[in-house]
Amino acid sequence: MAIRSTDPQQHATGPADEPKAASKRMTNRRRELLWALIFMSPWILGFLIFMAGPMLWSLWLSFTDYDPLVPVTNFIGVENYQELFSDPKIRTSLWNTVFFTIFNVPGTIISGLVLALLLDKVGRAAGFFRTAFYLPNITPAVAVGALFLLLLNGRDGIVNQILRSVGLPGPSWLNDPAWIKPGIIMMMLWSVGSTVIIYYAALRNVPQVLYEAARVDGASAWQQFRNITVPMISGAIFFTLIINTIASLQLFTEVYAMFFGSQQSGAAGEAALFYVIYLFSNAFEFFNMGYASAMAWLLFVVIGLITLVQVKASKRWVYYEGAE
Amino acid sequence: MSPRRMPLVALMVVALLLAACGGGEEPPPASAGGSEGATEVSGSLFAFGFGYESGDEIAKVRVDRFREEYPDAKVSFSESGFEEQPFLSALASGEPPDVVNLPRNTIGTFIARGVLAPLDDCIAQQGIDMGVFYDAAVSQVTVEGTTYALPEFFNSRIWIMSNKAFKDAGLDPQELDVSDWDAIAEANEQLTKTNGNRLTRIGIDPKLPEFLPLWSWANASDIISEDGLTSQLETPGVAEALEYSNSIHEAAGGRTKFLDFRDTWDFFGEENQFAADQLGANPFEQWYLNVLADVSPNVDITVRPFETRDGEPFTWSDGNAWAITADADNPGAACAFIALMTAKDTWVEAGEARAKMRNKENKPNLGVYTGNREADEVIFEDLGLGKWPSFEQAVQTILEVQENARSIPPSPAAAAFETAWISAVDGVMTGGDDPAEALAAADQEAQEAIDAAAR
């Protein structure tokens with residue numbers, strides 16, 4: 001027997017009342033939207049004032065010869081952008097940055113994943129190691145740079161002492177142009193803690209029942225990792241891929257502290273000239289703010305394109321639980 | 001937003017941007033200290049690039065004196081050294097400091113952009129005799145006959161030689177002919193010490209890339225014209241100086257070995273390179289002697305002037321200067337402040353404070369090298385260095401060579417110019433670039449920057 005509603009209002013609802021109900025739904029939706037906007041307004045205002053506004057301003061500046069110390073600013077069209085393509089230091093700094101990114105991002109993902117997997121196996125000690133891995137991330141970047149000046153010293157640094165103890169010749173990480181970028185990559189891998197924490201959290205969310213089923217089916221540890229772990233944490237891997245790529249392309253503080261600050265020995269030459277460092281020099285040392293703005297927009301476009309490619313490619317390998 | 005309104009809004013945004021940017025020609029900055037009523041020294045005064053709380057006795061004594069002399073003026077400080085970025089932010093925000101303490105070798109950049117006020121009226125008002133300042137210092141703060149700052153310290157470059165290393169190599173530091181580049185190269189070989197494959201003492205550190213101008217002057221070549229508007233990096237003498245000074249690294253087994261060893265030195269500590277016998281000699285800034293006096297008062301060194309290849313002693317000087325910003329709120333007090341900070345009596349008082357402190361610590365007092373030669377005459381009259389013959393000889397040498405100082409002229413693109421030649425030297429040192437080609441490329445880059453800034 002069908003159960004019927006005894007609500008008189010429901011009985012009263014007929015085709016003639018539908019526009020009224022739709023209007024009510026619309027009013028509710030508008031009210032919800034209004035409240036959502038009110039709650040979001042601090043962020044929206046912050047975004048408009050501190051992000052979108054300065055970005056638009058810098059876009060405008062990139063078409064000018066703006067020098068903050070000179071009262072007159074001239075519109076020069078795309079001259080700054082044309083200069084980007086003829087400036088040899090742009091090529092050098094872009095190459096240094098891309099080289100670093102190509103090795104640093106996979107290095108961070110692989111080492112982060114290995115450490116997270118180990119962390120997942122250590123049981124109660126995980127808390128200690130989690131803290132230990134994360135500590136470098138809360139160390140000020142300038143301090144990290146200063147620390148690695150000591151660790152990477154080609155003569156008495158700990159890194160080379162370890163290499164020599166196993167019979168390997170230690171290179172000149174800080175003074176040989178060929179080894180400066182590998183040294184910087186090593187330094188940045190030391191701060192892999194945040195990536196480890198993200199992977200560790202993702203690993204904890206992988207349903208154990210999948211592993212149990214796989215073991216019953218005779219899957220090896222590698223097969224379990226390849227076919228269960230990686231797909232199940234692919235969302236986290238994708239996230240770290242994006243943020244580490246962006247961070248690598250924007251590398252500045254540690255390298256500036258090591259090679260361009262008061263420690264400057266002039267030894268690095270252009271081997272440590274990363275894109276954002278050259279941008280900073282143009283803006284705050286040479287006062288070519290217009291040109292520096294054009295550089296910033298070029299970097300923005302490069303990051304945007306790389307991210308777009310990564311997002312498109314992610315559809316082939318990233319698994320989202322619950323997605324269609 | 002209605003689509004119909006969007007073009008209107010866009011137009012308004014563009015109009016605002018244009019209005020904000022197209023300021024038009026502004027009048028040149030008025031001379032500081034010359035406005036009506038400027039003689040009254042009162043009100044608040046903000047000094048950028050200087051620290052009182054974070055400063056040493058030399059800073060404190062001079063500021064205290066200003067506060068005593070002008071009790072109605074309230075002076076405050078950025079409590080930091082000069083940094084372009086915060087200075088730029090202060091200027092861009094429309095709240096410039098009244099006075100700024102900045103390196104003399106960067107001053108041309110700010111003069112060219114009208115950031116600093118001419119000091120003609122201030123100098124007249126305070127009765128400042130610019131003749132008391134060392135010529136090399138004055139030339140760094142003067143553009144087209146107008147003075148824009150008052151020199152503060154006077155930093156010289158001299159040879160610092162380790163007597164122990166020289167004796168060990170069978171050499172006499174007083175006898176080394178520092179005008180003879182072959183003799184320097186030979187001494188370098190003799191002073192360099194290795195233990196097996198391990199470098200234990202650098203013979204001579206040429207201090208590249210930063211000391212290229214010094215080696216160039218020794219080779220009778222200027223890296224920039226006197227008016228600071230023409231780069232002369234392409235001059236053959238500069239390339240020759242670079243080639244020679246870079247070759248000095250070879251005795252140590254190459255540049256990377258040289259630098260890896262140098263990076264391990266305890267530069268500011270008791271086990272510094274002279275105390276630890278890790279260095280034979282290097283040209284260096286004279287302030288380092290104060291470090292040695294503090295951490296290694298008994299260090300055995302000889303100080304010699306740098307010499308041209310013709311045997312003429314000279315030094316390369318720089319240091320900081322006090323300037324007044326063009327839009328200073330309190331130019332009268334600013335003028336009184338910079339005049340007092342660089343005046344003879346103030347310096348003498350500061351020198352006495354330094355002497356008192358050093359005597360209390362039973363450490364050598366090397367005086368204070370000011371830009372004011374009248375102050376130096378009093379400060380260095382009797383330092384009481386009899387117990388420390390090395391330092392007594394060092395001070396005497398520095399004072400003798402100070403009058404024969406050279407300095408890099410103010411350039412409208414000082415930072416870009418320096419970056420260009422440092423990059424060229426780096427390229428030669430690290431990448432094995434040909435010195436003449438590297439400097440020619442740097443010359444072009446520097447000239448473009450100078451021309452753009454001068455426009």
# chains A, B, ... in the order shown; residues from 1 in each chain; ligands from 1

$ interface_residues --of "chain A" --to "chain B" --cutoff "6 Å" --atoms "only C-alpha atoms" --output "list in words"
Leu69, Val70, Val72, Thr73, Gly154, Arg155, Asn175, Gly269, Phe284 and Phe286 of chain A

$ write_last_selection --atoms "N, CA and C atoms" --output "CSV table (one decimal), in the first residue's frame"
chain,number,residue,atom,x,y,z
A,69,LEU,N,62.1,56.1,-8.7
A,69,LEU,CA,62.8,57.3,-8.3
A,69,LEU,C,62.6,58.5,-9.3
A,70,VAL,N,62.0,58.2,-10.4
A,70,VAL,CA,61.9,59.2,-11.4
A,70,VAL,C,60.4,59.6,-11.5
A,72,VAL,N,58.6,61.0,-13.9
A,72,VAL,CA,57.9,60.8,-15.1
A,72,VAL,C,58.0,59.4,-15.6
A,73,THR,N,56.8,58.8,-15.9
A,73,THR,CA,56.8,57.4,-16.4
A,73,THR,C,56.2,57.5,-17.9
A,154,GLY,N,83.8,23.0,-0.2
A,154,GLY,CA,84.5,22.0,-1.0
A,154,GLY,C,85.7,21.4,-0.2
A,155,ARG,N,86.2,22.1,0.8
A,155,ARG,CA,87.4,21.6,1.4
A,155,ARG,C,87.0,20.8,2.7
A,175,ASN,N,81.9,26.8,-5.5
A,175,ASN,CA,82.8,27.6,-6.3
A,175,ASN,C,83.0,27.1,-7.8
A,269,GLY,N,79.5,33.3,-10.3
A,269,GLY,CA,79.4,33.7,-11.6
A,269,GLY,C,77.9,33.8,-12.0
A,284,PHE,N,65.1,46.2,-7.8
A,284,PHE,CA,65.5,46.9,-6.6
A,284,PHE,C,67.0,47.3,-6.6
A,286,PHE,N,68.7,48.0,-9.9
A,286,PHE,CA,68.8,48.9,-11.1
A,286,PHE,C,67.6,49.8,-11.3

$ residues_around --residues "Trp297 (chain A)" --least-positions-apart "3" --cutoff "10 Å" --atoms "only C-alpha atoms" --output "JSON, numbers by chain"
{"A": [55, 58, 59, 62, 81, 291, 292, 293, 294, 300, 301, 302, 303]}

$ residues_around --residues "Ile110 (chain A)" --least-positions-apart "5" --cutoff "10 Å" --atoms "only C-alpha atoms" --output "ChimeraX atom specification"
/A:104-105,115-116,192,195-196,237

$ write_last_selection --atoms "N, CA and C atoms" --output "CSV table (one decimal), in the first residue's frame"
chain,number,residue,atom,x,y,z
A,104,ASN,N,64.9,19.2,-9.3
A,104,ASN,CA,64.4,19.4,-7.9
A,104,ASN,C,63.0,18.8,-7.7
A,105,VAL,N,62.1,19.0,-8.7
A,105,VAL,CA,60.7,18.5,-8.5
A,105,VAL,C,60.7,17.0,-8.4
A,115,LEU,N,60.5,8.7,2.0
A,115,LEU,CA,60.5,9.0,3.4
A,115,LEU,C,59.1,8.8,4.0
A,116,ALA,N,58.1,9.1,3.3
A,116,ALA,CA,56.7,9.0,3.8
A,116,ALA,C,56.4,7.5,3.9
A,192,VAL,N,62.4,18.8,2.4
A,192,VAL,CA,61.4,18.0,1.7
A,192,VAL,C,60.2,17.7,2.7
A,195,THR,N,56.4,18.0,1.9
A,195,THR,CA,56.0,17.0,0.9
A,195,THR,C,55.8,15.6,1.6
A,196,VAL,N,56.7,15.3,2.5
A,196,VAL,CA,56.6,14.0,3.3
A,196,VAL,C,55.3,14.0,4.1
A,237,ILE,N,50.2,13.4,-5.0
A,237,ILE,CA,51.4,13.5,-5.9
A,237,ILE,C,51.2,14.7,-6.8

$ closest_residue --among "B:Ala241, B:Ala442, B:Leu340, B:Ile398" --to "Asn155 (chain B)" --atoms "only C-alpha atoms"
B:Ile398

$ residues_around --residues "region 250-260 of chain A" --least-positions-apart "5" --cutoff "6 Å" --atoms "only C-alpha atoms" --output "list in words"
Ala141, Val142, Gly145, Val276 and Ile277 of chain A

$ write_last_selection --atoms "C-alpha atoms" --output "JSON list (two decimals), in the first residue's frame"
[["chain", "number", "residue", "atom", "x", "y", "z"],
["A", 141, "ALA", "CA", 65.44, 30.33, 4.44],
["A", 142, "VAL", "CA", 68.38, 32.68, 5.03],
["A", 145, "GLY", "CA", 71.48, 29.25, 2.97],
["A", 276, "VAL", "CA", 63.69, 35.68, -9.68],
["A", 277, "ILE", "CA", 67.12, 36.84, -8.50]]

$ residues_around --residues "Tyr319 (chain A)" --least-positions-apart "4" --cutoff "9 Å" --atoms "only C-alpha atoms" --output "PyMOL selection string"
chain A and resi 231-235+314-315+323

$ select_by_dssp --residues "region 176-217 of chain A" --states "alpha helix (DSSP H)" --output "PyMOL selection string"
chain A and resi 177-190+193-204+208-216

$ residues_around --residues "region 269-276 of chain B" --least-positions-apart "4" --cutoff "10 Å" --atoms "only C-alpha atoms" --output "ChimeraX atom specification"
/B:160-165,200-202,262,264-265,280-281,291-292,294-301

$ write_last_selection --atoms "N, CA and C atoms" --output "PDB file, in the first residue's frame"
ATOM      1  N   ILE B 160      98.054  44.082   3.254  1.00  0.00           N
ATOM      2  CA  ILE B 160      98.289  43.557   4.599  1.00  0.00           C
ATOM      3  C   ILE B 160      99.107  42.276   4.409  1.00  0.00           C
ATOM      4  N   MET B 161     100.279  42.256   5.019  1.00  0.00           N
ATOM      5  CA  MET B 161     101.197  41.133   4.809  1.00  0.00           C
ATOM      6  C   MET B 161     101.495  40.426   6.124  1.00  0.00           C
ATOM      7  N   SER B 162     101.574  39.141   6.064  1.00  0.00           N
ATOM      8  CA  SER B 162     101.879  38.358   7.260  1.00  0.00           C
ATOM      9  C   SER B 162     103.396  38.223   7.400  1.00  0.00           C
ATOM     10  N   ASN B 163     103.928  38.779   8.480  1.00  0.00           N
ATOM     11  CA  ASN B 163     105.380  38.693   8.686  1.00  0.00           C
ATOM     12  C   ASN B 163     105.847  37.253   8.846  1.00  0.00           C
ATOM     13  N   LYS B 164     105.028  36.449   9.487  1.00  0.00           N
ATOM     14  CA  LYS B 164     105.399  35.050   9.715  1.00  0.00           C
ATOM     15  C   LYS B 164     105.523  34.309   8.373  1.00  0.00           C
ATOM     16  N   ALA B 165     104.516  34.508   7.520  1.00  0.00           N
ATOM     17  CA  ALA B 165     104.536  33.823   6.221  1.00  0.00           C
ATOM     18  C   ALA B 165     105.733  34.286   5.379  1.00  0.00           C
ATOM     19  N   THR B 200      97.586  24.750   2.272  1.00  0.00           N
ATOM     20  CA  THR B 200      97.535  25.169   3.681  1.00  0.00           C
ATOM     21  C   THR B 200      97.783  26.674   3.844  1.00  0.00           C
ATOM     22  N   ARG B 201      98.354  27.294   2.790  1.00  0.00           N
ATOM     23  CA  ARG B 201      98.495  28.750   2.856  1.00  0.00           C
ATOM     24  C   ARG B 201      98.391  29.334   1.446  1.00  0.00           C
ATOM     25  N   ILE B 202      97.533  30.334   1.311  1.00  0.00           N
ATOM     26  CA  ILE B 202      97.451  31.078   0.055  1.00  0.00           C
ATOM     27  C   ILE B 202      98.568  32.119   0.077  1.00  0.00           C
ATOM     28  N   ARG B 262      89.748  29.484   1.059  1.00  0.00           N
ATOM     29  CA  ARG B 262      89.467  30.804   1.636  1.00  0.00           C
ATOM     30  C   ARG B 262      88.140  30.819   2.390  1.00  0.00           C
ATOM     31  N   THR B 264      86.989  28.708   4.249  1.00  0.00           N
ATOM     32  CA  THR B 264      87.067  28.065   5.576  1.00  0.00           C
ATOM     33  C   THR B 264      87.677  28.982   6.633  1.00  0.00           C
ATOM     34  N   TRP B 265      88.172  30.130   6.234  1.00  0.00           N
ATOM     35  CA  TRP B 265      88.857  31.000   7.187  1.00  0.00           C
ATOM     36  C   TRP B 265      87.908  31.541   8.252  1.00  0.00           C
ATOM     37  N   GLY B 280      99.501  34.727   2.970  1.00  0.00           N
ATOM     38  CA  GLY B 280     100.738  35.497   2.919  1.00  0.00           C
ATOM     39  C   GLY B 280     100.458  36.995   2.892  1.00  0.00           C
ATOM     40  N   ALA B 281      99.670  37.418   1.929  1.00  0.00           N
ATOM     41  CA  ALA B 281      99.351  38.847   1.820  1.00  0.00           C
ATOM     42  C   ALA B 281      98.115  39.039   0.968  1.00  0.00           C
ATOM     43  N   VAL B 291      89.473  44.790  13.044  1.00  0.00           N
ATOM     44  CA  VAL B 291      89.080  43.420  13.405  1.00  0.00           C
ATOM     45  C   VAL B 291      90.274  42.707  14.027  1.00  0.00           C
ATOM     46  N   LEU B 292      91.422  42.835  13.357  1.00  0.00           N
ATOM     47  CA  LEU B 292      92.626  42.178  13.879  1.00  0.00           C
ATOM     48  C   LEU B 292      93.003  42.737  15.251  1.00  0.00           C
ATOM     49  N   ASP B 294      91.107  43.802  17.429  1.00  0.00           N
ATOM     50  CA  ASP B 294      90.156  43.319  18.414  1.00  0.00           C
ATOM     51  C   ASP B 294      90.380  41.843  18.754  1.00  0.00           C
ATOM     52  N   VAL B 295      90.533  41.011  17.706  1.00  0.00           N
ATOM     53  CA  VAL B 295      90.600  39.564  17.971  1.00  0.00           C
ATOM     54  C   VAL B 295      92.033  39.018  18.040  1.00  0.00           C
ATOM     55  N   SER B 296      92.960  39.696  17.391  1.00  0.00           N
ATOM     56  CA  SER B 296      94.365  39.237  17.413  1.00  0.00           C
ATOM     57  C   SER B 296      95.291  40.431  17.634  1.00  0.00           C
ATOM     58  N   PRO B 297      95.224  41.049  18.828  1.00  0.00           N
ATOM     59  CA  PRO B 297      96.002  42.276  19.037  1.00  0.00           C
ATOM     60  C   PRO B 297      97.511  42.088  18.862  1.00  0.00           C
ATOM     61  N   ASN B 298      97.986  40.850  18.988  1.00  0.00           N
ATOM     62  CA  ASN B 298      99.429  40.629  18.869  1.00  0.00           C
ATOM     63  C   ASN B 298      99.827  40.057  17.514  1.00  0.00           C
ATOM     64  N   VAL B 299      98.944  40.166  16.551  1.00  0.00           N
ATOM     65  CA  VAL B 299      99.249  39.613  15.227  1.00  0.00           C
ATOM     66  C   VAL B 299     100.451  40.346  14.626  1.00  0.00           C
ATOM     67  N   ASP B 300     101.292  39.588  13.909  1.00  0.00           N
ATOM     68  CA  ASP B 300     102.538  40.154  13.373  1.00  0.00           C
ATOM     69  C   ASP B 300     102.343  40.428  11.878  1.00  0.00           C
ATOM     70  N   ILE B 301     102.051  41.668  11.550  1.00  0.00           N
ATOM     71  CA  ILE B 301     101.778  42.015  10.149  1.00  0.00           C
ATOM     72  C   ILE B 301     102.573  43.257   9.727  1.00  0.00           C
TER      73      ILE B 301
END
